[in-house]
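**Student:** Before I ask anything, here is the structure I am working with.
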Amino acid sequence: MLDLKLIREDTDGVRAALVRRGPDAADGLDRVIALDARRRELLPELEGLRAEQNDANSRIRSAANADVREREIAAMRGVAAKAKALEQEFGEVELELQGALAPLPNLPDPSAAPGPEDELVREVGVPPELGFTPRDHLELAGERIDMDRAANLSGTRFAYLKGDLVMLELALVRWVLEKLRDAGFEPVIPPVLVRERALYGTGFLPDTEQQIYRLPDDDLYLVGTSEVALASLHDSEIIDGERLPLRYAGFSPCFRREAGAAGKDTRGMIRVHQFDKVEMFSFVAPEQSVAEHERILAIEEQILGELELPYRVVNIAVTDLGNSAAKKYDCEAWIPSQGRYRELTSCSNTTDYQARRLNIRVRAEKRTQPLHTLNGTAVAVGRTIVALLENGQRADGGIDLPSCLELYGAPKALTPDLRGIDNK
RNA sequence: GGAGGGGUGGCAGAGCGGUUGAAUGCGGUGGUCUCGAAAACCAUUGUGCGUCUUAUUGGCGUACCGGGAGUUCGAAUCUCCCCCCCUCCGCCA
């Protein structure tokens, strides 16, 4: 949600910022301005009538006798009717205004990449010299990733994960959660079924409805990321500035319909309907969000580094930003079988956009204002396993795994799955 | 799923048609007292919107007693719908 006051006072600035996202990104702006003006016309009128009513009420209350009282009441009937009609109109205008304001995306940060291409920030590590044709993660995993039977069960883009890979997942999650806990992020396992308000509040609605699973019988939605639930953790609260920053690490399954992704990444676990993810989420004072964004990015990079994955960081083009993000970095890991980098983690500064929708404020120096929220992937388990398998592969089909996970119960290495390799 | 009881300010808890933004207690803040602290006493203590003074921790108006709609000159108080919590029964990882 954009700040109405800002739209009113710096219309041109807001329009220019929105237009960076695309030529039609500011399309709803004029309607918002018109509705806001109408609202501001109606409001004093309505409040005047209410003042009149309040006045009359105290006279009626203390009326000397029944006659005086009756006369006052009779006189107020007309005022009451007028107020009611005005209230009705005001309510309609306000509703329309909210409806027009809600779809407007966040103002991009000036340093967000101008587009149309993402901007390379840095490249870290070098893609491994394998000396043989790389196998993809399905070949390497063999029986340990069974998407055929999963398709039988649930359709395309689902997977059974088995054996050592289950242990690998749990080790990854445990490792990352401990790391984040030590960095001040409180571990959270949130609900993954949520009401509409949570998705609206985080800006996924009304923007990405085609991506979201909905349970119409219960009026609930399956979240595509624990960000949704973590943001709502402080719904409608006023938080003392001294308590910020508040940092959480959510661990949850994530559900995405991937409608409109037909034909994209049809093989393997890169793009599936269900995956587990550890997500960072921070509530910070407005002046802290830029620094927090860099901090979250640094943690993401540290994780990829310790997992010994070659990766690069890109500053996402404004034209590709989701509605709530003012700026976003992606960390892309090298995927040998594809010979290119693929998004593994991502972090966004959503500034006050979600906070305003969820009415989350900070109180400092006796002032209250919307705070800033940020989110970032710590580990998206499915894609991380893909990257680990493919980058750690040896000529014999075995896979070396990074040593950081050993303490957490992951095997040192995975044995070749001969069946998987024969079938290739 | 069935039956019943509730949702009031940071918390506890009154009010159940008219000086109620809301008693009282606790907590918080400022002060008096004290060498200092505690205790005691005094004062103060919400948020949004509009407007004025555009320096304001400010003045005025208005709204907010889970959310929405309604009845009424007037609703925290009455009616309806929704949400949430609690108790008992049933079911269940």
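The way I read the labels, and the way they are meant: chains A, B, ... in the order of the structure tokens, residue 1 as the first residue of every chain, and ligand 1 as the first ligand shown, with later ones counted on from there.
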As a list in words, please: all residues of stretch 36-164 of chain A that backbone DSSP puts in strand (DSSP E).
**Tutor:**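 DSSP-assigned strand (DSSP E) residues in stretch 36-164 of chain A: Glu119, Leu120, Val121, Arg122, Glu123, Val124, Ile145, Asp146, Tyr160 and Leu161 of chain A.
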**Student:** Limited to C-alpha atoms, could you put the picked residues into a file as a PDB file, in the first residue's frame?
**Tutor:**
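Just written: part_35.pdb:
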ATOM      1  CA  GLU A 119      22.253  -6.222 -13.112  1.00  0.00           C
ATOM      2  CA  LEU A 120      25.181  -8.459 -12.181  1.00  0.00           C
ATOM      3  CA  VAL A 121      26.457  -7.542  -8.729  1.00  0.00           C
ATOM      4  CA  ARG A 122      29.203 -10.148  -8.337  1.00  0.00           C
ATOM      5  CA  GLU A 123      30.223 -13.689  -9.143  1.00  0.00           C
ATOM      6  CA  VAL A 124      31.636 -15.903  -6.423  1.00  0.00           C
ATOM      7  CA  ILE A 145      13.986 -38.656  -6.224  1.00  0.00           C
ATOM      8  CA  ASP A 146      10.885 -40.324  -7.647  1.00  0.00           C
ATOM      9  CA  TYR A 160       8.966 -38.247  -3.519  1.00  0.00           C
ATOM     10  CA  LEU A 161      12.256 -37.553  -1.776  1.00  0.00           C
TER      11      LEU A 161
END
**Student:** With a cut-off of 6 Å and counting only C-alpha atoms (C1' of nucleotides), select all residues of chain A in contact with chain B and give the selection as a PDB file with C-alpha atoms, in the first residue's frame.
**Tutor:**
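Writing the result to part.pdb gives the following:
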ATOM      1  CA  GLU A  47     -18.067  15.498  10.440  1.00  0.00           C
ATOM      2  CA  ARG A  61     -30.101  14.739  27.446  1.00  0.00           C
ATOM      3  CA  ILE A  73     -35.733  15.277  18.627  1.00  0.00           C
ATOM      4  CA  MET A  76     -32.791  16.228  14.530  1.00  0.00           C
ATOM      5  CA  ARG A  77     -34.671  13.723  12.414  1.00  0.00           C
TER       6      ARG A  77
END
**Student:** Please report, as a ChimeraX atom specification, each residue of stretch 190-403 of chain A to which DSSP assigns helix (DSSP H, G or I) when run on this structure's backbone.
**Tutor:** /A:196-201,209-211,227-234,241-243,286-306,318-320,353-358,381-391,403
**Student:** Using only C-alpha atoms (C1' of nucleotides), which protein or nucleic acid residues come within 10 Å of A:Arg243? Drop anything in the same chain fewer than 4 positions from it, and give the result as a PyMOL selection string.
**Tutor:** chain A and resi 239+283-285+362-363
**Student:** Those same residues - C-alpha atoms - I'd like them written as an mmCIF file, in the first residue's frame.
**Tutor:**
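Final file, result.cif:
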data_model
loop_
_atom_site.group_PDB
_atom_site.id
_atom_site.type_symbol
_atom_site.label_atom_id
_atom_site.label_comp_id
_atom_site.auth_asym_id
_atom_site.auth_seq_id
_atom_site.Cartn_x
_atom_site.Cartn_y
_atom_site.Cartn_z
ATOM 1 C CA ILE A 239 6.076 -1.842 18.323
ATOM 2 C CA PHE A 283 10.846 -5.961 11.001
ATOM 3 C CA VAL A 284 13.051 -2.874 11.213
ATOM 4 C CA ALA A 285 12.927 0.896 11.696
ATOM 5 C CA VAL A 362 6.913 1.539 15.205
ATOM 6 C CA ARG A 363 6.768 4.072 17.997
#
**Student:** Calculated over only C-alpha atoms, which of the candidates A:Ala159, A:Leu358, A:Ala364, A:Leu321 has the smallest distance to A:Val272?
**Tutor:** A:Ala159
**Student:** Provide the atom C1' of B:C86 to atom C1' of B:G1 distance in Å, to one decimal place.
**Tutor:** 18.0 Å
**Student:** Leaving out B:A69 and any residue of its chain fewer than 4 positions from it, which residues lie within 12 Å of it when counting only C-alpha atoms (C1' of nucleotides), given as a ChimeraX atom specification?
**Tutor:** /A:88 /B:79-82
**Student:** Can you pull out the residues contacting A:Ala100? Cut-off 7 Å, using only C-alpha atoms (C1' of nucleotides), and skip same-chain residues under 3 positions away; I want them as a list of chain:residue names.
**Tutor:** A:Gly28, A:Arg31, A:Val32, A:Glu96, A:Leu97, A:Pro103
**Student:** Between atom CA of A:Arg181 and atom CA of A:Tyr248, what distance in Å does the model show, to one decimal?
**Tutor:**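 Distance between the two atoms: 8.4 Å.
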**Student:** I'd like to know which of B:A14, B:G48, B:U24, B:C85 is closest to B:G66, using only C-alpha atoms (C1' of nucleotides).
**Tutor:**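 Looking only at the distances to B:G66, the closest residue turns out to be B:C85.
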**Student:** Would you please work out which residue, of B:G5, B:G10, B:G68, B:G46, is nearest to B:G28 when using only C-alpha atoms (C1' of nucleotides)?
**Tutor:**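 Among B:G5, B:G10, B:G68, B:G46, it is B:G10 that comes nearest to B:G28.
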**Student:** Could you pull the residues within 12 Å of B:G30, counting only C-alpha atoms (C1' of nucleotides), minus those fewer than 3 positions along the same chain, as a list in words?
**Tutor:**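 Once the adjacent positions are removed, what remains is C42, A43, U44 and U45 of chain B.
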**Student:** Just N, CA and C atoms (P, O5', C5', C4', C3', O3' and C1' of nucleotides) for this one: save the residues we selected as a PDB file, in the first residue's frame.
**Tutor:**
ATOM      1  P     C B  42      -3.136  11.471  46.031  1.00  0.00           P
ATOM      2  O5'   C B  42      -2.494  12.582  45.084  1.00  0.00           O
ATOM      3  C5'   C B  42      -2.572  13.954  45.444  1.00  0.00           C
ATOM      4  C4'   C B  42      -1.806  14.796  44.449  1.00  0.00           C
ATOM      5  C3'   C B  42      -2.149  14.544  42.984  1.00  0.00           C
ATOM      6  O3'   C B  42      -3.328  15.213  42.577  1.00  0.00           O
ATOM      7  C1'   C B  42       0.196  14.623  43.243  1.00  0.00           C
ATOM      8  P     A B  43      -4.238  14.558  41.460  1.00  0.00           P
ATOM      9  O5'   A B  43      -3.383  14.796  40.130  1.00  0.00           O
ATOM     10  C5'   A B  43      -3.174  16.114  39.635  1.00  0.00           C
ATOM     11  C4'   A B  43      -2.111  16.098  38.563  1.00  0.00           C
ATOM     12  C3'   A B  43      -2.413  15.267  37.327  1.00  0.00           C
ATOM     13  O3'   A B  43      -3.264  15.942  36.422  1.00  0.00           O
ATOM     14  C1'   A B  43      -0.209  14.841  38.044  1.00  0.00           C
ATOM     15  P     U B  44      -4.259  15.090  35.513  1.00  0.00           P
ATOM     16  O5'   U B  44      -3.266  14.394  34.477  1.00  0.00           O
ATOM     17  C5'   U B  44      -2.498  15.187  33.565  1.00  0.00           C
ATOM     18  C4'   U B  44      -1.458  14.321  32.900  1.00  0.00           C
ATOM     19  C3'   U B  44      -1.986  13.134  32.114  1.00  0.00           C
ATOM     20  O3'   U B  44      -2.394  13.508  30.807  1.00  0.00           O
ATOM     21  C1'   U B  44      -0.214  12.424  33.494  1.00  0.00           C
ATOM     22  P     U B  45      -3.624  12.712  30.140  1.00  0.00           P
ATOM     23  O5'   U B  45      -2.986  11.314  29.715  1.00  0.00           O
ATOM     24  C5'   U B  45      -1.803  11.266  28.913  1.00  0.00           C
ATOM     25  C4'   U B  45      -1.222   9.872  28.985  1.00  0.00           C
ATOM     26  C3'   U B  45      -2.151   8.774  28.493  1.00  0.00           C
ATOM     27  O3'   U B  45      -1.919   8.571  27.115  1.00  0.00           O
ATOM     28  C1'   U B  45      -1.047   8.135  30.524  1.00  0.00           C
TER      29        U B  45
END
